[in-house]
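Structure, as structure tokens:
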Amino acid sequence: MALLPTTRTEDIQSHMLLSIFFGILMCKIVYEITGLLSRFYFKGYSNLTMAVKVEWNNRGFSTFHALIVAIASFYLLVISDQFVEDPTRGLVVNRTSLLSDTVMGISLGYFLSDLAMILWCYPALGGVEYVLHHGLSMFSIILSLVSGQVQMYILIVLSSESTTPFVNLRWYLDVAGKKGSKLYVLNGIALFLGWLVARILLFIYFFAHMFLHFDQVKQVFPLGFYSLLVVPSVLTVMNVFWFWKIAKGLIKTLSKARHAHQN
């Protein structure tokens, strides 16, 4: 069995490249729009330092990407019949579609753009853990796009991006001086619950599904097979660590809010 099969047709490969380019272009457009709208609707934006403005705009396109990929992944995994249990349609690990290729291509374009900004501004936009997260994500998406395999599992992992808007809103509220607001507390609770569902429970489902379909997983090309075992495991450890920090932060926030209410 080849280490990395390249069975995708030239038309599909061209479509994937176009999707990646669109993902990069999307990031650039939303980055500029975020800055433009913020100047009009957030009075404090003009007083921010250039470094904070860069992160402010960067979080704009990361939020936009998260919403797109979360909605698309939910549609593909839950609403559509692309990955339904049907032996007559072949192995689940080999199923692809134009939409799933497009979603993954756009996500790859986003991760490339965001990683480039992280490295350019390092470590202002994130430390080594963000570089590792993006690097592993890009590696997995590339393998899946080139081979046309395990797209269901990649989409499950991409669904965890649904927590990103809550993370970004917390940062925006902090920068805007709204850390003591009710919205900050509610967002913290939503982040805790969202992280529990999308990055803990969903990953448990991921490994359970892979275990129950291991006869299919074993037929994935070698590099993809071992990556499917290692990469999600590393991401799970990172998710649990971040969940612990989120839980500590939420407890601290709720404690402060209760103390302020009592006074």
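Letters A, B, ... go to the chains of the structure tokens in the order shown; residues in each chain start at 1; ligands are counted from 1 in the same order.
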Selection: 9 Å around region 183-191 of chain A, only C-alpha atoms, excl. self and same-chain fewer than 6 positions, as an NGL selection string: :A and (163-167 or 169-170 or 173-174 or 246 or 249-250 or 253-254 or 257)
Write to file, as an mmCIF file, in the first residue's frame, the residues of the selection just made, with all heavy atoms.
```cif
data_model
loop_
_atom_site.group_PDB
_atom_site.id
_atom_site.type_symbol
_atom_site.label_atom_id
_atom_site.label_comp_id
_atom_site.auth_asym_id
_atom_site.auth_seq_id
_atom_site.Cartn_x
_atom_site.Cartn_y
_atom_site.Cartn_z
ATOM 1 N N THR A 163 -16.211 26.671 19.380
ATOM 2 C CA THR A 163 -15.934 27.352 20.647
ATOM 3 C C THR A 163 -15.164 28.658 20.442
ATOM 4 O O THR A 163 -15.106 29.492 21.353
ATOM 5 C CB THR A 163 -15.111 26.451 21.581
ATOM 6 O OG1 THR A 163 -13.861 26.119 20.945
ATOM 7 C CG2 THR A 163 -15.866 25.167 21.903
ATOM 8 N N THR A 164 -14.591 28.846 19.276
ATOM 9 C CA THR A 164 -13.747 30.016 19.013
ATOM 10 C C THR A 164 -14.462 31.355 19.209
ATOM 11 O O THR A 164 -13.883 32.280 19.786
ATOM 12 C CB THR A 164 -13.160 29.933 17.591
ATOM 13 O OG1 THR A 164 -12.336 28.751 17.492
ATOM 14 C CG2 THR A 164 -12.310 31.154 17.270
ATOM 15 N N PRO A 165 -15.716 31.524 18.741
ATOM 16 C CA PRO A 165 -16.390 32.814 18.970
ATOM 17 C C PRO A 165 -16.482 33.205 20.439
ATOM 18 O O PRO A 165 -16.355 34.395 20.781
ATOM 19 C CB PRO A 165 -17.775 32.591 18.359
ATOM 20 C CG PRO A 165 -17.564 31.560 17.298
ATOM 21 C CD PRO A 165 -16.524 30.649 17.879
ATOM 22 N N PHE A 166 -16.667 32.238 21.325
ATOM 23 C CA PHE A 166 -16.745 32.529 22.754
ATOM 24 C C PHE A 166 -15.379 32.954 23.302
ATOM 25 O O PHE A 166 -15.289 33.860 24.138
ATOM 26 C CB PHE A 166 -17.262 31.310 23.519
ATOM 27 C CG PHE A 166 -18.618 30.842 23.065
ATOM 28 C CD1 PHE A 166 -18.763 29.652 22.371
ATOM 29 C CD2 PHE A 166 -19.747 31.596 23.322
ATOM 30 C CE1 PHE A 166 -20.006 29.218 21.952
ATOM 31 C CE2 PHE A 166 -21.004 31.179 22.908
ATOM 32 C CZ PHE A 166 -21.133 29.989 22.215
ATOM 33 N N VAL A 167 -14.329 32.290 22.826
ATOM 34 C CA VAL A 167 -12.967 32.654 23.237
ATOM 35 C C VAL A 167 -12.653 34.075 22.790
ATOM 36 O O VAL A 167 -12.111 34.887 23.564
ATOM 37 C CB VAL A 167 -11.932 31.670 22.637
ATOM 38 C CG1 VAL A 167 -10.505 32.129 22.951
ATOM 39 C CG2 VAL A 167 -12.161 30.263 23.159
ATOM 40 N N LEU A 169 -14.823 36.503 21.981
ATOM 41 C CA LEU A 169 -15.671 37.491 22.652
ATOM 42 C C LEU A 169 -15.122 37.809 24.040
ATOM 43 O O LEU A 169 -15.166 38.964 24.473
ATOM 44 C CB LEU A 169 -17.105 36.966 22.757
ATOM 45 C CG LEU A 169 -18.111 37.902 23.450
ATOM 46 C CD1 LEU A 169 -18.146 39.267 22.757
ATOM 47 C CD2 LEU A 169 -19.500 37.272 23.479
ATOM 48 N N ARG A 170 -14.618 36.806 24.720
ATOM 49 C CA ARG A 170 -14.018 37.040 26.039
ATOM 50 C C ARG A 170 -12.840 38.007 25.924
ATOM 51 O O ARG A 170 -12.686 38.920 26.736
ATOM 52 C CB ARG A 170 -13.546 35.717 26.657
ATOM 53 C CG ARG A 170 -12.950 35.876 28.054
ATOM 54 C CD ARG A 170 -12.555 34.551 28.667
ATOM 55 N NE ARG A 170 -11.514 33.874 27.919
ATOM 56 C CZ ARG A 170 -10.929 32.735 28.319
ATOM 57 N NH1 ARG A 170 -11.335 32.158 29.438
ATOM 58 N NH2 ARG A 170 -9.996 32.177 27.594
ATOM 59 N N LEU A 173 -14.160 41.608 25.130
ATOM 60 C CA LEU A 173 -14.740 42.245 26.311
ATOM 61 C C LEU A 173 -13.648 42.684 27.283
ATOM 62 O O LEU A 173 -13.758 43.742 27.921
ATOM 63 C CB LEU A 173 -15.707 41.290 27.004
ATOM 64 C CG LEU A 173 -17.001 40.972 26.238
ATOM 65 C CD1 LEU A 173 -17.775 39.852 26.927
ATOM 66 C CD2 LEU A 173 -17.868 42.221 26.107
ATOM 67 N N ASP A 174 -12.605 41.886 27.390
ATOM 68 C CA ASP A 174 -11.482 42.235 28.268
ATOM 69 C C ASP A 174 -10.798 43.502 27.775
ATOM 70 O O ASP A 174 -10.530 44.433 28.542
ATOM 71 C CB ASP A 174 -10.494 41.065 28.306
ATOM 72 C CG ASP A 174 -9.421 41.265 29.366
ATOM 73 O OD1 ASP A 174 -9.539 42.209 30.170
ATOM 74 O OD2 ASP A 174 -8.460 40.466 29.392
ATOM 75 N N ILE A 246 -9.986 27.052 31.563
ATOM 76 C CA ILE A 246 -11.291 27.719 31.405
ATOM 77 C C ILE A 246 -12.129 27.545 32.668
ATOM 78 O O ILE A 246 -12.773 28.484 33.139
ATOM 79 C CB ILE A 246 -12.034 27.156 30.180
ATOM 80 C CG1 ILE A 246 -11.342 27.613 28.889
ATOM 81 C CG2 ILE A 246 -13.497 27.598 30.168
ATOM 82 C CD1 ILE A 246 -11.850 26.912 27.644
ATOM 83 N N GLY A 249 -10.813 29.781 35.352
ATOM 84 C CA GLY A 249 -11.177 31.161 35.062
ATOM 85 C C GLY A 249 -12.635 31.438 35.350
ATOM 86 O O GLY A 249 -12.988 32.509 35.869
ATOM 87 N N LEU A 250 -13.499 30.462 35.020
ATOM 88 C CA LEU A 250 -14.932 30.638 35.266
ATOM 89 C C LEU A 250 -15.227 30.702 36.762
ATOM 90 O O LEU A 250 -16.022 31.537 37.211
ATOM 91 C CB LEU A 250 -15.721 29.492 34.632
ATOM 92 C CG LEU A 250 -17.244 29.525 34.853
ATOM 93 C CD1 LEU A 250 -17.840 30.799 34.267
ATOM 94 C CD2 LEU A 250 -17.893 28.294 34.228
ATOM 95 N N THR A 253 -14.207 34.086 37.948
ATOM 96 C CA THR A 253 -15.140 35.116 37.487
ATOM 97 C C THR A 253 -16.442 35.085 38.278
ATOM 98 O O THR A 253 -16.967 36.120 38.696
ATOM 99 C CB THR A 253 -15.447 34.923 35.982
ATOM 100 O OG1 THR A 253 -14.237 35.053 35.234
ATOM 101 C CG2 THR A 253 -16.442 35.971 35.499
ATOM 102 N N LEU A 254 -16.990 33.884 38.492
ATOM 103 C CA LEU A 254 -18.231 33.749 39.249
ATOM 104 C C LEU A 254 -18.043 34.183 40.695
ATOM 105 O O LEU A 254 -18.947 34.782 41.305
ATOM 106 C CB LEU A 254 -18.726 32.302 39.196
ATOM 107 C CG LEU A 254 -19.231 31.810 37.832
ATOM 108 C CD1 LEU A 254 -19.586 30.326 37.894
ATOM 109 C CD2 LEU A 254 -20.429 32.627 37.368
ATOM 110 N N ALA A 257 -18.034 37.955 40.712
ATOM 111 C CA ALA A 257 -19.383 38.467 40.461
ATOM 112 C C ALA A 257 -20.264 38.317 41.691
ATOM 113 O O ALA A 257 -21.038 39.210 42.037
ATOM 114 C CB ALA A 257 -20.003 37.724 39.279
#
```
Where does region 52-116 of chain A meet region 143-157 of chain A within 9 Å, residue by residue, with the nearest atom pair and distance in Å to one decimal for each, counting only C-alpha atoms, listed by chain and rising number, as a tab-separated table?
```
residue	atom	partner	partner_atom	distance
A:Val69	CA	A:Leu155	CA	8.5
A:Ala70	CA	A:Leu155	CA	8.8
A:Ala72	CA	A:Leu155	CA	8.9
A:Ser73	CA	A:Leu155	CA	5.6
A:Phe74	CA	A:Leu155	CA	8.5
A:Leu76	CA	A:Leu155	CA	8.2
A:Leu77	CA	A:Met152	CA	7.2
A:Gln82	CA	A:Met152	CA	8.9
A:Phe83	CA	A:Met152	CA	7.0
A:Val92	CA	A:Met152	CA	7.6
A:Val93	CA	A:Val150	CA	4.4
A:Asn94	CA	A:Gln149	CA	4.7
A:Arg95	CA	A:Gln149	CA	6.8
A:Thr96	CA	A:Gly148	CA	6.3
A:Ser100	CA	A:Gln151	CA	7.4
A:Asp101	CA	A:Leu145	CA	6.7
A:Val103	CA	A:Leu155	CA	8.7
A:Met104	CA	A:Leu145	CA	7.5
A:Gly105	CA	A:Leu145	CA	7.8
```
Take the residues that were just selected and, keeping all heavy atoms, output them as a compact mmCIF listing (two decimals), in the first residue's frame.
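After the write, part-v7.txt holds the following:
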```
# COMPACT_ATOMS: atom_id res chain seq x y z
N VAL A 69 -17.25 27.00 9.35
CA VAL A 69 -16.86 25.58 9.40
C VAL A 69 -17.75 24.81 10.37
O VAL A 69 -18.04 23.62 10.13
CB VAL A 69 -15.37 25.45 9.78
CG1 VAL A 69 -15.13 25.72 11.27
CG2 VAL A 69 -14.84 24.07 9.42
N ALA A 70 -18.22 25.45 11.44
CA ALA A 70 -19.09 24.76 12.40
C ALA A 70 -20.44 24.44 11.75
O ALA A 70 -20.96 23.32 11.90
CB ALA A 70 -19.29 25.61 13.65
N ALA A 72 -21.10 24.26 8.46
CA ALA A 72 -20.91 23.31 7.36
C ALA A 72 -20.67 21.90 7.88
O ALA A 72 -21.21 20.92 7.34
CB ALA A 72 -19.76 23.77 6.49
N SER A 73 -19.87 21.77 8.94
CA SER A 73 -19.57 20.45 9.51
C SER A 73 -20.84 19.83 10.09
O SER A 73 -21.07 18.62 9.93
CB SER A 73 -18.50 20.57 10.59
OG SER A 73 -17.27 21.01 10.04
N PHE A 74 -21.65 20.64 10.77
CA PHE A 74 -22.90 20.14 11.33
C PHE A 74 -23.81 19.62 10.21
O PHE A 74 -24.43 18.55 10.35
CB PHE A 74 -23.61 21.25 12.11
CG PHE A 74 -24.92 20.81 12.73
CD1 PHE A 74 -24.93 20.10 13.92
CD2 PHE A 74 -26.12 21.10 12.10
CE1 PHE A 74 -26.14 19.69 14.49
CE2 PHE A 74 -27.33 20.70 12.66
CZ PHE A 74 -27.34 19.99 13.85
N LEU A 76 -22.92 18.52 7.19
CA LEU A 76 -22.36 17.33 6.57
C LEU A 76 -22.45 16.10 7.48
O LEU A 76 -22.71 14.98 7.01
CB LEU A 76 -20.89 17.57 6.20
CG LEU A 76 -20.65 18.49 5.00
CD1 LEU A 76 -19.20 18.95 4.95
CD2 LEU A 76 -21.03 17.77 3.70
N LEU A 77 -22.26 16.31 8.79
CA LEU A 77 -22.23 15.18 9.73
C LEU A 77 -23.61 14.76 10.22
O LEU A 77 -23.84 13.58 10.48
CB LEU A 77 -21.36 15.55 10.93
CG LEU A 77 -19.86 15.74 10.66
CD1 LEU A 77 -19.18 16.36 11.88
CD2 LEU A 77 -19.20 14.41 10.30
N GLN A 82 -24.20 12.03 3.84
CA GLN A 82 -22.87 11.67 3.33
C GLN A 82 -22.21 10.56 4.14
O GLN A 82 -21.54 9.69 3.59
CB GLN A 82 -21.95 12.90 3.31
CG GLN A 82 -20.54 12.59 2.77
CD GLN A 82 -19.73 13.83 2.49
OE1 GLN A 82 -20.27 14.90 2.25
NE2 GLN A 82 -18.41 13.70 2.51
N PHE A 83 -22.43 10.58 5.47
CA PHE A 83 -21.73 9.61 6.32
C PHE A 83 -22.69 8.66 7.05
O PHE A 83 -22.34 8.10 8.09
CB PHE A 83 -20.86 10.35 7.34
CG PHE A 83 -19.82 11.25 6.72
CD1 PHE A 83 -19.98 12.64 6.75
CD2 PHE A 83 -18.72 10.73 6.08
CE1 PHE A 83 -19.04 13.48 6.18
CE2 PHE A 83 -17.77 11.56 5.50
CZ PHE A 83 -17.93 12.93 5.54
N VAL A 92 -17.20 4.25 5.21
CA VAL A 92 -17.38 5.62 5.68
C VAL A 92 -16.08 6.41 5.55
O VAL A 92 -16.09 7.61 5.22
CB VAL A 92 -17.87 5.63 7.14
CG1 VAL A 92 -17.87 7.05 7.70
CG2 VAL A 92 -19.26 5.03 7.25
N VAL A 93 -14.95 5.76 5.79
CA VAL A 93 -13.66 6.46 5.77
C VAL A 93 -13.26 6.90 4.36
O VAL A 93 -12.32 7.69 4.21
CB VAL A 93 -12.54 5.57 6.36
CG1 VAL A 93 -12.78 5.30 7.83
CG2 VAL A 93 -12.41 4.25 5.58
N ASN A 94 -13.94 6.39 3.34
CA ASN A 94 -13.59 6.74 1.96
C ASN A 94 -14.57 7.71 1.32
O ASN A 94 -14.44 8.04 0.14
CB ASN A 94 -13.52 5.48 1.09
CG ASN A 94 -12.33 4.61 1.45
OD1 ASN A 94 -11.33 5.10 1.97
ND2 ASN A 94 -12.43 3.32 1.18
N ARG A 95 -15.54 8.20 2.07
CA ARG A 95 -16.57 9.05 1.48
C ARG A 95 -16.13 10.51 1.44
O ARG A 95 -15.62 11.05 2.42
CB ARG A 95 -17.88 8.92 2.26
CG ARG A 95 -18.48 7.53 2.16
CD ARG A 95 -19.83 7.47 2.79
NE ARG A 95 -20.25 6.09 3.00
CZ ARG A 95 -21.29 5.74 3.73
NH1 ARG A 95 -22.03 6.68 4.31
NH2 ARG A 95 -21.61 4.48 3.89
N THR A 96 -16.35 11.10 0.27
CA THR A 96 -16.03 12.51 0.07
C THR A 96 -17.17 13.17 -0.71
O THR A 96 -18.04 12.50 -1.23
CB THR A 96 -14.73 12.69 -0.73
OG1 THR A 96 -14.93 12.15 -2.05
CG2 THR A 96 -13.56 11.98 -0.07
N SER A 100 -17.59 18.83 1.20
CA SER A 100 -16.62 18.53 2.26
C SER A 100 -15.21 18.90 1.81
O SER A 100 -14.41 19.41 2.61
CB SER A 100 -16.69 17.05 2.65
OG SER A 100 -16.45 16.21 1.54
N ASP A 101 -14.88 18.67 0.53
CA ASP A 101 -13.59 19.12 0.00
C ASP A 101 -13.44 20.64 0.12
O ASP A 101 -12.39 21.16 0.49
CB ASP A 101 -13.44 18.72 -1.48
CG ASP A 101 -13.09 17.25 -1.66
OD1 ASP A 101 -12.55 16.65 -0.71
OD2 ASP A 101 -13.37 16.70 -2.74
N VAL A 103 -15.06 22.76 2.20
CA VAL A 103 -14.96 23.18 3.60
C VAL A 103 -13.55 22.96 4.14
O VAL A 103 -12.96 23.84 4.79
CB VAL A 103 -15.98 22.41 4.47
CG1 VAL A 103 -15.76 22.69 5.96
CG2 VAL A 103 -17.39 22.78 4.07
N MET A 104 -13.00 21.81 3.85
CA MET A 104 -11.65 21.51 4.35
C MET A 104 -10.60 22.37 3.66
O MET A 104 -9.61 22.78 4.28
CB MET A 104 -11.37 20.02 4.15
CG MET A 104 -12.22 19.14 5.05
SD MET A 104 -12.13 17.38 4.66
CE MET A 104 -10.39 17.08 4.91
N GLY A 105 -10.80 22.67 2.38
CA GLY A 105 -9.88 23.55 1.67
C GLY A 105 -9.90 24.96 2.24
O GLY A 105 -8.85 25.59 2.44
```
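Candidate residues A:Tyr45, A:Trp120, A:Phe243, A:Phe211 were compared for distance to Leu196 (chain A), and the nearest is A:Phe243, using only C-alpha atoms.
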Contacts of Asn239 (chain A) at 9 Å (only C-alpha atoms; same-chain gap of 4+ positions) as a list in words: Trp195, Arg199, Ile200, Val234, Leu235, Phe243 and Trp244 of chain A
Let's have the selection written as a PDB file, in the first residue's frame, with C-alpha atoms.
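Result file is result-v6.pdb:
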```pdb
ATOM      1  CA  TRP A 195     -15.902  23.540  25.354  1.00  0.00           C
ATOM      2  CA  ARG A 199     -13.882  19.633  22.662  1.00  0.00           C
ATOM      3  CA  ILE A 200     -14.378  16.989  25.349  1.00  0.00           C
ATOM      4  CA  VAL A 234      -2.444  15.229  21.111  1.00  0.00           C
ATOM      5  CA  LEU A 235      -5.301  17.661  20.456  1.00  0.00           C
ATOM      6  CA  PHE A 243     -10.605  23.158  29.643  1.00  0.00           C
ATOM      7  CA  TRP A 244      -8.946  23.063  33.056  1.00  0.00           C
TER       8      TRP A 244
END
```
Between CA of His133 (chain A) and CA of Ser80 (chain A), distance in Å (one decimal): 28.4 Å
Please provide as a short mmCIF file (atom, residue, chain, number, x, y, z; two decimals) with N, CA, C and O atoms, in the first residue's frame all residues within 8 Å of Leu119 (chain A), with the sequence filter that same-chain residues fewer than 4 positions apart are discarded (counting only C-alpha atoms).
```cif
data_model
loop_
_atom_site.label_atom_id
_atom_site.label_comp_id
_atom_site.auth_asym_id
_atom_site.auth_seq_id
_atom_site.Cartn_x
_atom_site.Cartn_y
_atom_site.Cartn_z
N LEU A 115 -1.63 30.97 10.88
CA LEU A 115 -0.29 30.56 11.29
C LEU A 115 0.75 31.55 10.81
O LEU A 115 1.71 31.86 11.54
N PRO A 123 5.61 36.33 19.84
CA PRO A 123 4.53 35.45 20.31
C PRO A 123 3.25 36.22 20.67
O PRO A 123 2.46 35.74 21.48
N VAL A 131 1.04 27.25 17.56
CA VAL A 131 1.79 26.77 16.39
C VAL A 131 1.61 25.26 16.25
O VAL A 131 1.38 24.75 15.14
#
```
Computed interatomic separation between CA of Ile106 (chain A) and CA of Ile20 (chain A) (Å): 5.0 Å
Contacts of Leu25 (chain A) within 10 Å, only C-alpha atoms, excl. fewer than 4 positions in-chain, as an NGL selection string: :A and (19-21 or 29-31 or 106 or 109-110 or 113)
With N, CA and C atoms retained, export the selected residues as a PDB file, in the first residue's frame.
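Final output, saved to result.pdb:
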```
ATOM      1  N   SER A  19     -10.219  26.312  -3.338  1.00  0.00           N
ATOM      2  CA  SER A  19     -10.826  26.456  -2.012  1.00  0.00           C
ATOM      3  C   SER A  19      -9.819  27.006  -1.007  1.00  0.00           C
ATOM      4  N   ILE A  20      -8.592  26.536  -1.082  1.00  0.00           N
ATOM      5  CA  ILE A  20      -7.539  27.030  -0.189  1.00  0.00           C
ATOM      6  C   ILE A  20      -7.292  28.515  -0.433  1.00  0.00           C
ATOM      7  N   PHE A  21      -7.211  28.885  -1.704  1.00  0.00           N
ATOM      8  CA  PHE A  21      -7.014  30.298  -2.056  1.00  0.00           C
ATOM      9  C   PHE A  21      -8.186  31.137  -1.560  1.00  0.00           C
ATOM     10  N   ILE A  29     -10.079  39.588   3.553  1.00  0.00           N
ATOM     11  CA  ILE A  29     -11.246  40.474   3.423  1.00  0.00           C
ATOM     12  C   ILE A  29     -11.875  40.735   4.787  1.00  0.00           C
ATOM     13  N   VAL A  30     -12.089  39.676   5.566  1.00  0.00           N
ATOM     14  CA  VAL A  30     -12.726  39.833   6.875  1.00  0.00           C
ATOM     15  C   VAL A  30     -11.817  40.608   7.821  1.00  0.00           C
ATOM     16  N   TYR A  31     -10.522  40.415   7.698  1.00  0.00           N
ATOM     17  CA  TYR A  31      -9.560  41.181   8.515  1.00  0.00           C
ATOM     18  C   TYR A  31      -9.742  42.672   8.286  1.00  0.00           C
ATOM     19  N   ILE A 106     -11.095  25.471   2.531  1.00  0.00           N
ATOM     20  CA  ILE A 106     -11.226  26.803   3.128  1.00  0.00           C
ATOM     21  C   ILE A 106     -10.568  26.835   4.508  1.00  0.00           C
ATOM     22  N   GLY A 109      -6.905  27.042   4.171  1.00  0.00           N
ATOM     23  CA  GLY A 109      -6.521  28.411   3.850  1.00  0.00           C
ATOM     24  C   GLY A 109      -6.517  29.295   5.083  1.00  0.00           C
ATOM     25  N   TYR A 110      -7.510  29.087   5.967  1.00  0.00           N
ATOM     26  CA  TYR A 110      -7.563  29.848   7.213  1.00  0.00           C
ATOM     27  C   TYR A 110      -6.363  29.535   8.100  1.00  0.00           C
ATOM     28  N   SER A 113      -3.248  31.127   6.834  1.00  0.00           N
ATOM     29  CA  SER A 113      -3.249  32.571   7.073  1.00  0.00           C
ATOM     30  C   SER A 113      -2.982  32.897   8.534  1.00  0.00           C
TER      31      SER A 113
END
```
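In terms of minimum interatomic distance to Leu108 (chain A), A:Leu17 ranks closest within A:Ile204, A:Ile71, A:Leu91, A:Leu17, counting only C-alpha atoms.
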Contact residues around Ile118 (chain A) with only C-alpha atoms at 12 Å, ignoring same-chain residues under 3 positions, as an NGL selection string: :A and (51 or 54-55 or 58-59 or 111-115 or 121-135)
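Taking CA of Val240 (chain A) and CA of Trp171 (chain A) as endpoints, the distance between them is 20.2 Å.
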